[in-house]
Structure formats: C-alpha cells, structure tokens
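Chemist: Contents of entry32.cif (mmCIF, C-alpha atoms (C1' of nucleotides)):
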```
data_coords
loop_
_atom_site.group_PDB
_atom_site.id
_atom_site.type_symbol
_atom_site.label_atom_id
_atom_site.label_comp_id
_atom_site.auth_asym_id
_atom_site.auth_seq_id
_atom_site.Cartn_x
_atom_site.Cartn_y
_atom_site.Cartn_z
ATOM 1 C CA MET Y 848 -17.468 -0.983 -4.002
ATOM 2 C CA PHE Y 849 -19.449 -1.637 -7.179
ATOM 3 C CA ARG Y 850 -18.213 -3.743 -10.032
ATOM 4 C CA ALA Y 851 -17.991 -1.625 -13.154
ATOM 5 C CA MET Y 852 -20.856 -2.164 -15.562
ATOM 6 C CA PRO Y 853 -19.161 -4.295 -18.174
ATOM 7 C CA GLU Y 854 -19.287 -5.322 -21.786
ATOM 8 C CA LEU Y 855 -21.611 -3.692 -24.315
ATOM 9 C CA ALA Y 856 -22.910 -1.003 -21.964
ATOM 10 C CA GLU Y 857 -19.551 -0.309 -20.362
ATOM 11 C CA VAL Y 858 -18.076 0.357 -23.770
ATOM 12 C CA GLU Y 859 -20.916 2.746 -24.504
ATOM 13 C CA TYR Y 860 -20.463 4.480 -21.171
ATOM 14 C CA PHE Y 861 -16.732 5.017 -21.667
ATOM 15 C CA ARG Y 862 -17.151 6.105 -25.284
ATOM 16 C CA ARG Y 863 -19.435 8.880 -24.069
ATOM 17 C CA GLN Y 864 -16.792 10.064 -21.608
ATOM 18 C CA TRP Y 865 -14.554 10.902 -24.537
ATOM 19 C CA ASN Y 866 -17.397 12.501 -26.475
ATOM 20 C CA ALA Y 867 -16.813 15.586 -24.308
ATOM 21 C CA GLY Y 868 -13.874 16.234 -26.624
ATOM 22 C CA ILE Y 869 -15.811 16.093 -29.911
ATOM 23 C CA GLY Y 870 -15.384 19.258 -31.965
ATOM 24 C CA HIS Y 871 -12.190 20.159 -30.164
ATOM 25 C CA ARG Y 872 -8.594 20.091 -31.283
ATOM 26 C CA VAL Y 873 -5.955 17.766 -29.909
ATOM 27 C CA ILE Y 874 -2.953 19.842 -28.844
ATOM 28 C CA LYS Y 875 -0.527 17.132 -27.827
ATOM 29 C CA ILE Y 876 -0.350 13.430 -27.081
ATOM 30 C CA ALA Y 877 1.266 11.427 -24.307
ATOM 31 C CA LEU Y 878 1.655 7.673 -24.760
ATOM 32 C CA HIS Y 879 3.596 4.695 -23.503
ATOM 33 C CA SER Y 880 5.138 3.494 -26.749
ATOM 34 C CA GLY Y 881 6.421 -0.056 -26.731
ATOM 35 C CA LYS Y 882 3.709 -1.244 -24.387
ATOM 36 C CA ARG Y 883 1.685 -4.287 -25.255
ATOM 37 C CA ILE Y 884 -1.462 -2.168 -25.535
ATOM 38 C CA PHE Y 885 -0.091 -0.704 -28.819
ATOM 39 C CA ARG Y 886 0.813 -4.067 -30.363
ATOM 40 C CA GLY Y 887 0.581 -3.872 -34.142
ATOM 41 C CA THR Y 888 0.220 -0.097 -34.279
ATOM 42 C CA ASN Y 889 2.647 2.620 -35.268
ATOM 43 C CA THR Y 890 3.340 4.660 -32.133
ATOM 44 C CA ARG Y 891 5.541 7.104 -34.010
ATOM 45 C CA ALA Y 892 2.878 8.046 -36.537
ATOM 46 C CA LEU Y 893 0.108 8.273 -33.935
ATOM 47 C CA PRO Y 894 1.287 11.433 -32.120
ATOM 48 C CA GLU Y 895 2.692 12.983 -35.292
ATOM 49 C CA GLU Y 896 -0.573 12.716 -37.184
ATOM 50 C CA LEU Y 897 -2.999 13.283 -34.343
ATOM 51 C CA ALA Y 898 -1.416 16.457 -32.963
ATOM 52 C CA GLY Y 899 -3.446 19.365 -34.327
ATOM 53 C CA ALA Y 900 -6.364 17.208 -35.462
ATOM 54 C CA HIS Y 901 -9.943 17.696 -34.274
ATOM 55 C CA LEU Y 902 -11.944 14.863 -32.745
ATOM 56 C CA LEU Y 903 -14.964 14.589 -35.048
ATOM 57 C CA THR Y 904 -17.099 11.535 -34.234
ATOM 58 C CA SER Y 905 -17.147 8.307 -32.280
ATOM 59 C CA GLU Y 906 -18.886 4.983 -32.793
ATOM 60 C CA ALA Y 907 -19.121 1.659 -30.969
ATOM 61 C CA ARG Y 908 -19.648 -1.805 -32.432
ATOM 62 C CA GLY Y 909 -19.853 -4.504 -29.823
ATOM 63 C CA LYS Y 910 -16.877 -4.009 -27.569
ATOM 64 C CA ARG Y 911 -14.944 -2.053 -30.175
ATOM 65 C CA MET Y 912 -14.796 1.723 -30.532
ATOM 66 C CA LEU Y 913 -13.675 3.950 -33.371
ATOM 67 C CA PHE Y 914 -12.851 7.646 -32.991
ATOM 68 C CA ARG Y 915 -12.575 9.721 -36.145
ATOM 69 C CA PHE Y 916 -10.334 12.762 -36.308
ATOM 70 C CA SER Y 917 -9.734 15.402 -38.960
ATOM 71 C CA ASN Y 918 -6.850 15.022 -41.411
ATOM 72 C CA GLU Y 919 -7.901 11.410 -42.107
ATOM 73 C CA ASN Y 920 -7.008 10.007 -38.715
ATOM 74 C CA TRP Y 921 -8.716 7.151 -36.885
ATOM 75 C CA LEU Y 922 -8.272 5.649 -33.461
ATOM 76 C CA GLY Y 923 -9.591 2.202 -32.533
ATOM 77 C CA LEU Y 924 -9.962 1.279 -28.871
ATOM 78 C CA HIS Y 925 -10.753 -1.977 -27.103
ATOM 79 C CA LEU Y 926 -11.083 -2.084 -23.313
ATOM 80 C CA GLY Y 927 -10.159 -5.731 -22.806
ATOM 81 C CA MET Y 928 -10.652 -6.807 -19.188
ATOM 82 C CA SER Y 929 -9.549 -3.698 -17.337
ATOM 83 C CA GLY Y 930 -9.679 -0.766 -19.775
ATOM 84 C CA LYS Y 931 -11.168 2.554 -18.714
ATOM 85 C CA MET Y 932 -11.614 5.978 -20.270
ATOM 86 C CA GLN Y 933 -12.202 9.393 -18.778
ATOM 87 C CA ALA Y 934 -12.162 13.059 -19.560
ATOM 88 C CA ALA Y 935 -9.826 14.646 -17.021
ATOM 89 C CA SER Y 936 -8.548 18.167 -16.419
ATOM 90 C CA PRO Y 937 -6.066 19.563 -18.976
ATOM 91 C CA ASP Y 938 -3.191 19.361 -16.489
ATOM 92 C CA PHE Y 939 -3.654 15.587 -16.052
ATOM 93 C CA ARG Y 940 -0.424 13.735 -15.218
ATOM 94 C CA PRO Y 941 -0.423 10.186 -16.627
ATOM 95 C CA GLN Y 942 0.332 7.413 -14.149
ATOM 96 C CA LYS Y 943 1.780 3.975 -14.815
ATOM 97 C CA HIS Y 944 -1.306 2.529 -16.533
ATOM 98 C CA ASP Y 945 -2.485 5.663 -18.363
ATOM 99 C CA HIS Y 946 -1.142 4.521 -21.717
ATOM 100 C CA LEU Y 947 -2.685 7.177 -23.963
ATOM 101 C CA VAL Y 948 -3.665 10.775 -23.228
ATOM 102 C CA LEU Y 949 -5.018 13.219 -25.808
ATOM 103 C CA TYR Y 950 -4.651 16.731 -24.484
ATOM 104 C CA GLN Y 951 -7.144 19.386 -25.548
ATOM 105 C CA ARG Y 952 -7.345 22.965 -24.331
ATOM 106 C CA GLU Y 953 -10.154 22.254 -21.868
ATOM 107 C CA ARG Y 954 -9.631 18.577 -20.987
ATOM 108 C CA ALA Y 955 -7.460 15.503 -21.301
ATOM 109 C CA LEU Y 956 -8.911 12.337 -22.855
ATOM 110 C CA VAL Y 957 -7.357 9.438 -20.960
ATOM 111 C CA PHE Y 958 -7.166 5.728 -21.804
ATOM 112 C CA THR Y 959 -6.155 3.525 -18.872
ATOM 113 C CA ASP Y 960 -5.623 -0.248 -18.876
ATOM 114 C CA ALA Y 961 -3.706 -2.005 -16.116
ATOM 115 C CA ARG Y 962 -3.715 -5.502 -17.596
ATOM 116 C CA GLN Y 963 -3.370 -4.425 -21.231
ATOM 117 C CA PHE Y 964 -5.709 -7.048 -22.624
ATOM 118 C CA GLY Y 965 -7.267 -4.114 -24.431
ATOM 119 C CA ARG Y 966 -5.856 -2.480 -27.525
ATOM 120 C CA VAL Y 967 -5.156 0.859 -29.183
ATOM 121 C CA GLN Y 968 -5.021 0.934 -32.974
ATOM 122 C CA PHE Y 969 -4.092 3.986 -35.017
ATOM 123 C CA HIS Y 970 -5.023 4.347 -38.673
ATOM 124 C CA HIS Y 971 -4.248 7.098 -41.150
ATOM 125 C CA GLY Y 972 -6.303 7.096 -44.347
ATOM 126 C CA LYS Y 973 -9.313 8.502 -46.166
ATOM 127 C CA THR Y 974 -11.646 5.708 -45.116
ATOM 128 C CA ALA Y 975 -12.170 3.757 -41.914
ATOM 129 C CA PRO Y 976 -9.608 1.022 -41.207
ATOM 130 C CA THR Y 977 -10.365 -2.310 -42.868
ATOM 131 C CA TRP Y 978 -10.810 -4.106 -39.559
ATOM 132 C CA TRP Y 979 -13.704 -1.812 -38.592
ATOM 133 C CA ASP Y 980 -16.244 -3.425 -40.930
ATOM 134 C CA ASN Y 981 -16.218 -7.018 -39.786
ATOM 135 C CA GLY Y 982 -19.736 -7.843 -40.990
ATOM 136 C CA VAL Y 983 -21.065 -8.721 -37.540
ATOM 137 C CA PRO Y 984 -24.489 -7.179 -36.899
ATOM 138 C CA GLU Y 985 -25.119 -5.164 -33.752
ATOM 139 C CA ILE Y 986 -27.586 -6.951 -31.519
ATOM 140 C CA VAL Y 987 -29.828 -3.916 -31.338
ATOM 141 C CA SER Y 988 -29.937 -3.642 -35.144
ATOM 142 C CA ALA Y 989 -32.447 -5.217 -37.529
ATOM 143 C CA LYS Y 990 -29.692 -7.364 -39.033
ATOM 144 C CA PHE Y 991 -29.483 -9.378 -35.845
ATOM 145 C CA ASN Y 992 -32.617 -11.382 -36.547
ATOM 146 C CA ARG Y 993 -33.922 -14.886 -36.014
ATOM 147 C CA GLU Y 994 -32.379 -16.144 -39.275
ATOM 148 C CA PHE Y 995 -28.947 -14.838 -38.383
ATOM 149 C CA LEU Y 996 -29.171 -16.476 -34.972
ATOM 150 C CA ASP Y 997 -30.207 -19.798 -36.520
ATOM 151 C CA ARG Y 998 -27.332 -19.803 -38.960
ATOM 152 C CA PHE Y 999 -24.872 -18.907 -36.235
ATOM 153 C CA LEU Y 1000 -26.052 -21.647 -33.886
ATOM 154 C CA ASP Y 1001 -25.932 -24.192 -36.700
ATOM 155 C CA ARG Y 1002 -22.361 -23.174 -37.403
ATOM 156 C CA HIS Y 1003 -21.334 -24.249 -33.884
ATOM 157 C CA PRO Y 1004 -23.537 -27.249 -33.120
ATOM 158 C CA LYS Y 1005 -21.056 -28.970 -30.795
ATOM 159 C CA ALA Y 1006 -20.132 -26.002 -28.635
ATOM 160 C CA PRO Y 1007 -21.923 -25.375 -25.340
ATOM 161 C CA ILE Y 1008 -24.391 -22.546 -25.847
ATOM 162 C CA LYS Y 1009 -22.572 -20.474 -23.232
ATOM 163 C CA ALA Y 1010 -19.432 -20.518 -25.387
ATOM 164 C CA VAL Y 1011 -21.457 -19.605 -28.482
ATOM 165 C CA VAL Y 1012 -23.082 -16.606 -26.798
ATOM 166 C CA LEU Y 1013 -19.589 -15.371 -25.920
ATOM 167 C CA MET Y 1014 -18.435 -15.458 -29.560
ATOM 168 C CA GLN Y 1015 -18.067 -11.899 -30.822
ATOM 169 C CA SER Y 1016 -18.618 -13.043 -34.425
ATOM 170 C CA GLY Y 1017 -22.270 -13.694 -33.576
ATOM 171 C CA PHE Y 1018 -23.123 -12.015 -30.291
ATOM 172 C CA SER Y 1019 -21.472 -8.629 -30.702
ATOM 173 C CA GLY Y 1020 -20.601 -7.069 -27.364
ATOM 174 C CA ILE Y 1021 -21.819 -9.907 -25.162
ATOM 175 C CA GLY Y 1022 -19.433 -10.878 -22.375
ATOM 176 C CA ASN Y 1023 -19.509 -13.204 -19.419
ATOM 177 C CA TRP Y 1024 -22.162 -11.705 -17.182
ATOM 178 C CA MET Y 1025 -24.469 -10.771 -20.055
ATOM 179 C CA ALA Y 1026 -24.220 -14.321 -21.414
ATOM 180 C CA ASP Y 1027 -25.303 -15.722 -18.054
ATOM 181 C CA GLU Y 1028 -28.081 -13.148 -17.819
ATOM 182 C CA ILE Y 1029 -29.337 -14.072 -21.298
ATOM 183 C CA LEU Y 1030 -29.316 -17.832 -20.737
ATOM 184 C CA TRP Y 1031 -31.012 -17.401 -17.382
ATOM 185 C CA ARG Y 1032 -33.799 -15.302 -18.927
ATOM 186 C CA ALA Y 1033 -34.160 -17.815 -21.762
ATOM 187 C CA ARG Y 1034 -34.167 -20.711 -19.246
ATOM 188 C CA ILE Y 1035 -31.456 -22.575 -21.139
ATOM 189 C CA LEU Y 1036 -28.764 -24.704 -19.470
ATOM 190 C CA PRO Y 1037 -25.383 -23.079 -20.330
ATOM 191 C CA SER Y 1038 -23.729 -26.448 -21.005
ATOM 192 C CA LYS Y 1039 -26.345 -27.511 -23.560
ATOM 193 C CA ARG Y 1040 -24.918 -27.976 -27.052
ATOM 194 C CA ALA Y 1041 -26.013 -25.208 -29.437
ATOM 195 C CA GLY Y 1042 -27.131 -27.736 -32.020
ATOM 196 C CA ARG Y 1043 -29.561 -29.300 -29.579
ATOM 197 C CA LEU Y 1044 -31.620 -26.173 -28.984
ATOM 198 C CA GLY Y 1045 -35.168 -26.515 -30.287
ATOM 199 C CA ALA Y 1046 -37.165 -23.806 -32.054
ATOM 200 C CA GLY Y 1047 -38.807 -22.698 -28.823
ATOM 201 C CA GLU Y 1048 -35.475 -22.343 -27.062
ATOM 202 C CA ARG Y 1049 -34.058 -20.433 -30.000
ATOM 203 C CA ASN Y 1050 -36.964 -18.024 -29.855
ATOM 204 C CA GLU Y 1051 -36.378 -17.461 -26.161
ATOM 205 C CA LEU Y 1052 -32.642 -17.053 -26.703
ATOM 206 C CA PHE Y 1053 -33.290 -14.478 -29.399
ATOM 207 C CA ARG Y 1054 -35.723 -12.485 -27.285
ATOM 208 C CA ALA Y 1055 -33.529 -12.603 -24.165
ATOM 209 C CA THR Y 1056 -30.449 -11.498 -26.118
ATOM 210 C CA ARG Y 1057 -32.246 -8.491 -27.574
ATOM 211 C CA PHE Y 1058 -33.779 -7.631 -24.225
ATOM 212 C CA VAL Y 1059 -30.575 -7.765 -22.176
ATOM 213 C CA ALA Y 1060 -28.603 -5.797 -24.781
ATOM 214 C CA ARG Y 1061 -31.255 -3.119 -25.206
ATOM 215 C CA GLU Y 1062 -31.953 -2.711 -21.502
ATOM 216 C CA SER Y 1063 -28.276 -2.596 -20.556
ATOM 217 C CA LEU Y 1064 -27.695 0.161 -23.091
ATOM 218 C CA ARG Y 1065 -30.794 2.059 -21.960
ATOM 219 C CA ILE Y 1066 -29.916 1.889 -18.254
ATOM 220 C CA ILE Y 1067 -26.327 2.829 -18.901
ATOM 221 C CA GLY Y 1068 -24.243 3.923 -15.931
ATOM 222 C CA PRO Y 1069 -20.820 3.706 -14.345
ATOM 223 C CA ASP Y 1070 -21.684 0.507 -12.457
ATOM 224 C CA ASP Y 1071 -24.268 -2.272 -12.286
ATOM 225 C CA SER Y 1072 -26.217 -0.731 -9.411
ATOM 226 C CA THR Y 1073 -28.730 0.842 -11.787
ATOM 227 C CA LEU Y 1074 -29.785 -2.477 -13.321
ATOM 228 C CA PRO Y 1075 -33.082 -3.898 -11.981
ATOM 229 C CA ARG Y 1076 -32.840 -5.879 -8.757
ATOM 230 C CA THR Y 1077 -34.588 -8.774 -10.523
ATOM 231 C CA TRP Y 1078 -31.554 -9.393 -12.775
ATOM 232 C CA LEU Y 1079 -29.207 -12.297 -12.224
ATOM 233 C CA ILE Y 1080 -26.104 -10.080 -12.195
ATOM 234 C CA HIS Y 1081 -26.686 -9.056 -8.593
ATOM 235 C CA GLU Y 1082 -26.582 -12.709 -7.493
ATOM 236 C CA ARG Y 1083 -24.139 -14.437 -9.775
ATOM 237 C CA TRP Y 1084 -20.907 -13.623 -7.899
ATOM 238 C CA ARG Y 1085 -22.314 -13.588 -4.418
ATOM 239 C CA ALA Y 1086 -21.583 -16.605 -2.201
ATOM 240 C CA GLY Y 1087 -24.919 -18.333 -1.786
ATOM 241 C CA GLY Y 1088 -26.412 -16.312 -4.658
ATOM 242 C CA ILE Y 1089 -29.994 -17.248 -5.476
ATOM 243 C CA CYS Y 1090 -32.228 -17.332 -8.555
ATOM 244 C CA PRO Y 1091 -34.290 -14.111 -8.591
ATOM 245 C CA ARG Y 1092 -37.293 -16.141 -9.823
ATOM 246 C CA HIS Y 1093 -37.704 -18.683 -7.039
ATOM 247 C CA LYS Y 1094 -34.747 -18.320 -4.659
ATOM 248 C CA THR Y 1095 -33.058 -21.565 -5.665
ATOM 249 C CA VAL Y 1096 -29.322 -21.455 -4.886
ATOM 250 C CA LEU Y 1097 -27.352 -20.898 -8.082
ATOM 251 C CA ARG Y 1098 -24.864 -23.402 -9.397
ATOM 252 C CA ARG Y 1099 -21.429 -22.460 -10.661
ATOM 253 C CA ALA Y 1100 -18.955 -24.135 -13.000
ATOM 254 C CA THR Y 1101 -16.457 -23.352 -15.740
ATOM 255 C CA ILE Y 1102 -18.204 -23.631 -19.112
ATOM 256 C CA GLY Y 1103 -16.668 -22.482 -22.367
ATOM 257 C CA GLY Y 1104 -13.607 -21.537 -20.337
ATOM 258 C CA ARG Y 1105 -15.483 -19.001 -18.223
ATOM 259 C CA THR Y 1106 -16.996 -19.028 -14.771
ATOM 260 C CA THR Y 1107 -20.709 -19.596 -15.288
ATOM 261 C CA ALA Y 1108 -23.639 -19.255 -12.899
ATOM 262 C CA TRP Y 1109 -27.093 -20.715 -13.546
ATOM 263 C CA CYS Y 1110 -30.261 -21.819 -11.829
ATOM 264 C CA PRO Y 1111 -30.561 -25.620 -11.766
ATOM 265 C CA LYS Y 1112 -34.331 -25.376 -11.391
ATOM 266 C CA CYS Y 1113 -35.367 -23.187 -14.306
ATOM 267 C CA GLN Y 1114 -32.496 -23.723 -16.756
ATOM 268 C CA ARG Y 1115 -32.689 -27.068 -18.530
ATOM 269 C "C1'" DA V 572 0.463 -15.817 0.145
ATOM 270 C "C1'" DC V 573 -2.711 -17.550 -2.797
ATOM 271 C "C1'" DC V 574 -6.502 -17.631 -5.804
ATOM 272 C "C1'" DC V 575 -9.825 -15.274 -8.634
ATOM 273 C "C1'" DC V 576 -11.065 -12.367 -12.619
ATOM 274 C "C1'" DT V 577 -16.226 -8.581 -17.073
ATOM 275 C "C1'" DG V 578 -11.470 -10.685 -23.018
ATOM 276 C "C1'" DT V 579 -9.067 -12.503 -26.949
ATOM 277 C "C1'" DT V 580 -5.660 -15.288 -29.342
ATOM 278 C "C1'" DC V 581 -3.187 -19.278 -30.303
ATOM 279 C "C1'" DG V 582 -1.317 -24.036 -30.110
ATOM 280 C "C1'" DG V 583 -2.538 -28.695 -29.027
ATOM 281 C "C1'" DC V 584 -5.307 -32.415 -29.589
ATOM 282 C "C1'" DG V 585 -9.323 -35.352 -30.527
ATOM 283 C "C1'" DC D 1407 -9.372 -30.061 -41.847
ATOM 284 C "C1'" DC D 1408 -12.646 -28.634 -38.165
ATOM 285 C "C1'" DG D 1409 -13.356 -27.044 -33.910
ATOM 286 C "C1'" DC D 1410 -13.159 -27.220 -28.832
ATOM 287 C "C1'" DC D 1411 -10.333 -26.307 -24.823
ATOM 288 C "C1'" DG D 1412 -6.761 -24.741 -21.856
ATOM 289 C "C1'" DA D 1413 -2.958 -21.669 -21.507
ATOM 290 C "C1'" DA D 1414 -1.075 -17.332 -21.886
ATOM 291 C "C1'" DC D 1415 -1.146 -12.489 -21.624
ATOM 292 C "C1'" DA D 1416 -0.463 -8.784 -16.752
ATOM 293 C "C1'" DG D 1417 -1.905 -6.820 -12.891
ATOM 294 C "C1'" DG D 1418 -5.103 -5.695 -9.022
ATOM 295 C "C1'" DG D 1419 -8.125 -7.091 -5.525
ATOM 296 C "C1'" DG D 1420 -10.214 -10.234 -2.107
#
```
Write out the structure in this file as structure tokens.

Modeler:
Amino acid sequence: MFRAMPELAEVEYFRRQWNAGIGHRVIKIALHSGKRIFRGTNTRALPEELAGAHLLTSEARGKRMLFRFSNENWLGLHLGMSGKMQAASPDFRPQKHDHLVLYQRERALVFTDARQFGRVQFHHGKTAPTWWDNGVPEIVSAKFNREFLDRFLDRHPKAPIKAVVLMQSGFSGIGNWMADEILWRARILPSKRAGRLGAGERNELFRATRFVARESLRIIGPDDSTLPRTWLIHERWRAGGICPRHKTVLRRATIGGRTTAWCPKCQR
DNA sequence: ACCCCTGTTCGGCG
DNA sequence: CCGCCGAACAGGGG
C-alpha cells in the first residue's frame, strides 16, 4: 500500500479530481452539518446558495483550494491530515466521513476527511473571500525569491530551520516530508537555527525548495511511487532507511514538533 | 492494546 | 511583548 502523495502536490492532484465538474451545474448537496469540518461556516446557506449554481473555476494556493461557482458562490477547502477528494458516480451514497457531496447530473464531487483536521469554508459574495489573499507567494512563482527567503529566515532567527520550512506564511504548501526532502537536498541540519544559516546555505535552501516544489507538481500522481528513486521520501519512514547519496543510515528525531529524518553525514 | 501519524491552532512559559 | 513548544483536535492503521 502506497502512502498518498502529500502536501503541495496532493492538493493539486485532488483539486484536479473535482475539475471534472467544471462547467456543470450542481443539482443538490449532501453535507454533515454540525461537524467540526464546517467550523466557522454557515451550513444552512451553503446548500441553499450552491444548489443550481455552476462550478466555474478552481485554484490552489499552498495547501488551500478555492472553487468558484456562479451566483457569487465560493467554496474553500483544506485537506488537513486525512482529507481526500474524488469525482464519483451520480448515485454516490455518502458514508460516515464523506462530509460534503456536490451532486451533478453526470457525477458526484465528494470531500472526505476522517480526522477532520481539514476545513470547508463557504462564502457568498461578489469577490473572493477575504482569507483567500493572504499575501504569501507561491513557491513556484517569481515572488518567492531570494530576498523573500532572506527576510523570512531573519524573522525567525531562533527557530530550527525545519520548523521555519513548515511555516505556511513563508513556505506555502510545504509539509513534513517535503521539508525533510528540501533540507536533505540543501545539506542543512534540520535542527540548525534559521538565523545561523550562511549565504551559501541560504542559496542551497532556496534552490532545493524551488526544485522539490516544482518537481513534485510536475510528477503529480495519486501516490509517491512516481517520484524518483533517488529522493529521500522513499527512505525516510523505512526502518533502517538510508541516505540515497552514500547509504548512511538516516537519523530520526522530533524537531519543530514533527518527526524528522536526516542524514548525519551530509547534513551539517 | 498501544503507539504512530503528511496539519494547524492555541495556551503556557521562558 | 515575542516566540518557541507541547497539547489538543479525531480517527485509522501498523
């Protein structure tokens, strides 16, 4: 059994599953109102407004997604730890964890999240919800540049770099495995304080971040099996996992509150 | 049974 | 006041 391809690329993969419904009308909605997944959103207005609307566009920013519908309706989705999306047959019957289903004539757009660390947000209005524009540049955009990275690192000089790379306000869409992959490529010790990274290390961090984000998005798939065998991800959870560079046994510890794997030989 | 977990938020504390 | 860290959230899987 493969681990689902997570984070930035997983979001992109799931967003595309729902894109099958673009240009089509939503006939009816099924949802589990009162569940934690809908915290802060109006679950009465959601089905009332969305019924009859067409799905028009979708967009992803980091781990967040925004679906735009006709009649000034917007749906924000976050997958949390266990969120999934699929386009199922129109006679789909929602199970316990299928918290939101948008039925169209030819398919059902399903949002599933067992642990409910994710979130569904409904917004009715002419423009996108205020929370959508948070000012954080996408890593694959030109706004994520060396200057931005410098300023962000300097803003968190005391935090271990692993924790900084996990901050969504600077590294949009990066999660636990991508952070380890990035630091491994950049040959930086995850516990090293961000403020102690030299110019050379910052250059490497910048390049590795762009590379991992771009490649993950390019090689997008339902699981991590399509990522190159030379990547750390295939070793980081395995007992006795080794560094793909020189076969050194990886070390593991909790850093920045997350399980972290690194190579003691090439990461300093 | 017990321990682990790809994310985010919040209260405590240094 | 700043900012880091652990706990909490909830459930499934090993």

Chemist: What residues in chain Y have any atom no more than 12 Å from chain V when counting all atoms listed in the file, and can you write them as JSON, numbers by chain?

Modeler: {"Y": [850, 851, 852, 853, 854, 855, 856, 857, 858, 910, 911, 925, 926, 927, 928, 929, 930, 962, 963, 964, 965, 966, 1013, 1014, 1015, 1020, 1021, 1022, 1023, 1024, 1025, 1026, 1027, 1070, 1071, 1080, 1084, 1104, 1105, 1106]}

Chemist: Please identify every residue of chain D that has at least one atom no more than 10 Å from any atom of chain Y, counting all atoms listed in the file, and report them as a PyMOL selection string.

Modeler: chain D and resi 1409-1412+1415-1418

Chemist: If you measure from atom CA of Ile869 of chain Y to atom CA of Ser1016 of chain Y, what distance in Å do you get, rounded to one decimal?

Modeler: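 Computing the Euclidean distance for atom CA of Ile869 of chain Y and atom CA of Ser1016 of chain Y yields 29.6 Å.
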
Chemist: Could you tell me how far atom CA of Leu949 of chain Y sits from atom CA of Ile876 of chain Y, in Å to one decimal place?

Modeler: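 Interatomic distance, atom CA of Ile876 of chain Y to atom CA of Leu949 of chain Y: 4.8 Å.
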
Chemist: Which residues are near segment 919-923 of chain Y? Cut-off 9 Å, only C-alpha atoms (C1' of nucleotides), ignore same chain within fewer than 2 positions. Put them as a PyMOL selection string.

Modeler: chain Y and resi 893+896-897+900+911-917+925+966-976+979

Chemist: The PyMOL selection byres ((chain Y and resi 866) around 12) - which residues does that actually catch in the file I just gave you? List them as an NGL selection string.

Modeler: :Y and (859-865 or 867-871 or 901-907 or 912-915 or 932-934 or 954-957)

Chemist: One number please: atom CA of Thr890 of chain Y to atom CA of Asp938 of chain Y, in Å, one decimal.

Modeler: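 Value for the atom CA of Thr890 of chain Y-atom CA of Asp938 of chain Y distance: 22.4 Å.
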
Chemist: Write segment 924-935 of chain Y as a short mmCIF file (atom, residue, chain, number, x, y, z; two decimals), keeping the file's coordinate frame, completed to N, CA, C and O atoms.

Modeler:
```
data_model
loop_
_atom_site.label_atom_id
_atom_site.label_comp_id
_atom_site.auth_asym_id
_atom_site.auth_seq_id
_atom_site.Cartn_x
_atom_site.Cartn_y
_atom_site.Cartn_z
N LEU Y 924 -10.23 1.64 -30.26
CA LEU Y 924 -9.96 1.28 -28.87
C LEU Y 924 -10.74 0.03 -28.48
O LEU Y 924 -11.88 -0.16 -28.90
N HIS Y 925 -10.08 -0.82 -27.70
CA HIS Y 925 -10.75 -1.98 -27.10
C HIS Y 925 -10.37 -2.00 -25.63
O HIS Y 925 -9.19 -1.82 -25.30
N LEU Y 926 -11.34 -2.21 -24.76
CA LEU Y 926 -11.08 -2.08 -23.31
C LEU Y 926 -10.56 -3.36 -22.67
O LEU Y 926 -10.10 -3.33 -21.53
N GLY Y 927 -10.63 -4.48 -23.39
CA GLY Y 927 -10.16 -5.73 -22.81
C GLY Y 927 -10.86 -6.03 -21.49
O GLY Y 927 -12.08 -5.91 -21.39
N MET Y 928 -10.08 -6.46 -20.49
CA MET Y 928 -10.65 -6.81 -19.19
C MET Y 928 -10.67 -5.63 -18.23
O MET Y 928 -11.49 -5.57 -17.33
N SER Y 929 -9.73 -4.72 -18.37
CA SER Y 929 -9.55 -3.70 -17.34
C SER Y 929 -9.42 -2.29 -17.91
O SER Y 929 -8.99 -1.38 -17.19
N GLY Y 930 -9.80 -2.08 -19.16
CA GLY Y 930 -9.68 -0.77 -19.77
C GLY Y 930 -10.71 0.22 -19.25
O GLY Y 930 -11.83 -0.15 -18.91
N LYS Y 931 -10.29 1.48 -19.17
CA LYS Y 931 -11.17 2.55 -18.71
C LYS Y 931 -10.85 3.80 -19.52
O LYS Y 931 -9.74 3.96 -20.01
N MET Y 932 -11.84 4.70 -19.61
CA MET Y 932 -11.61 5.98 -20.27
C MET Y 932 -12.25 7.08 -19.45
O MET Y 932 -13.28 6.86 -18.81
N GLN Y 933 -11.63 8.26 -19.50
CA GLN Y 933 -12.20 9.39 -18.78
C GLN Y 933 -11.79 10.68 -19.45
O GLN Y 933 -10.83 10.72 -20.21
N ALA Y 934 -12.56 11.70 -19.19
CA ALA Y 934 -12.16 13.06 -19.56
C ALA Y 934 -11.70 13.73 -18.28
O ALA Y 934 -12.48 13.90 -17.34
N ALA Y 935 -10.42 14.06 -18.23
CA ALA Y 935 -9.83 14.65 -17.02
C ALA Y 935 -9.46 16.11 -17.28
O ALA Y 935 -9.65 16.61 -18.38
#
```
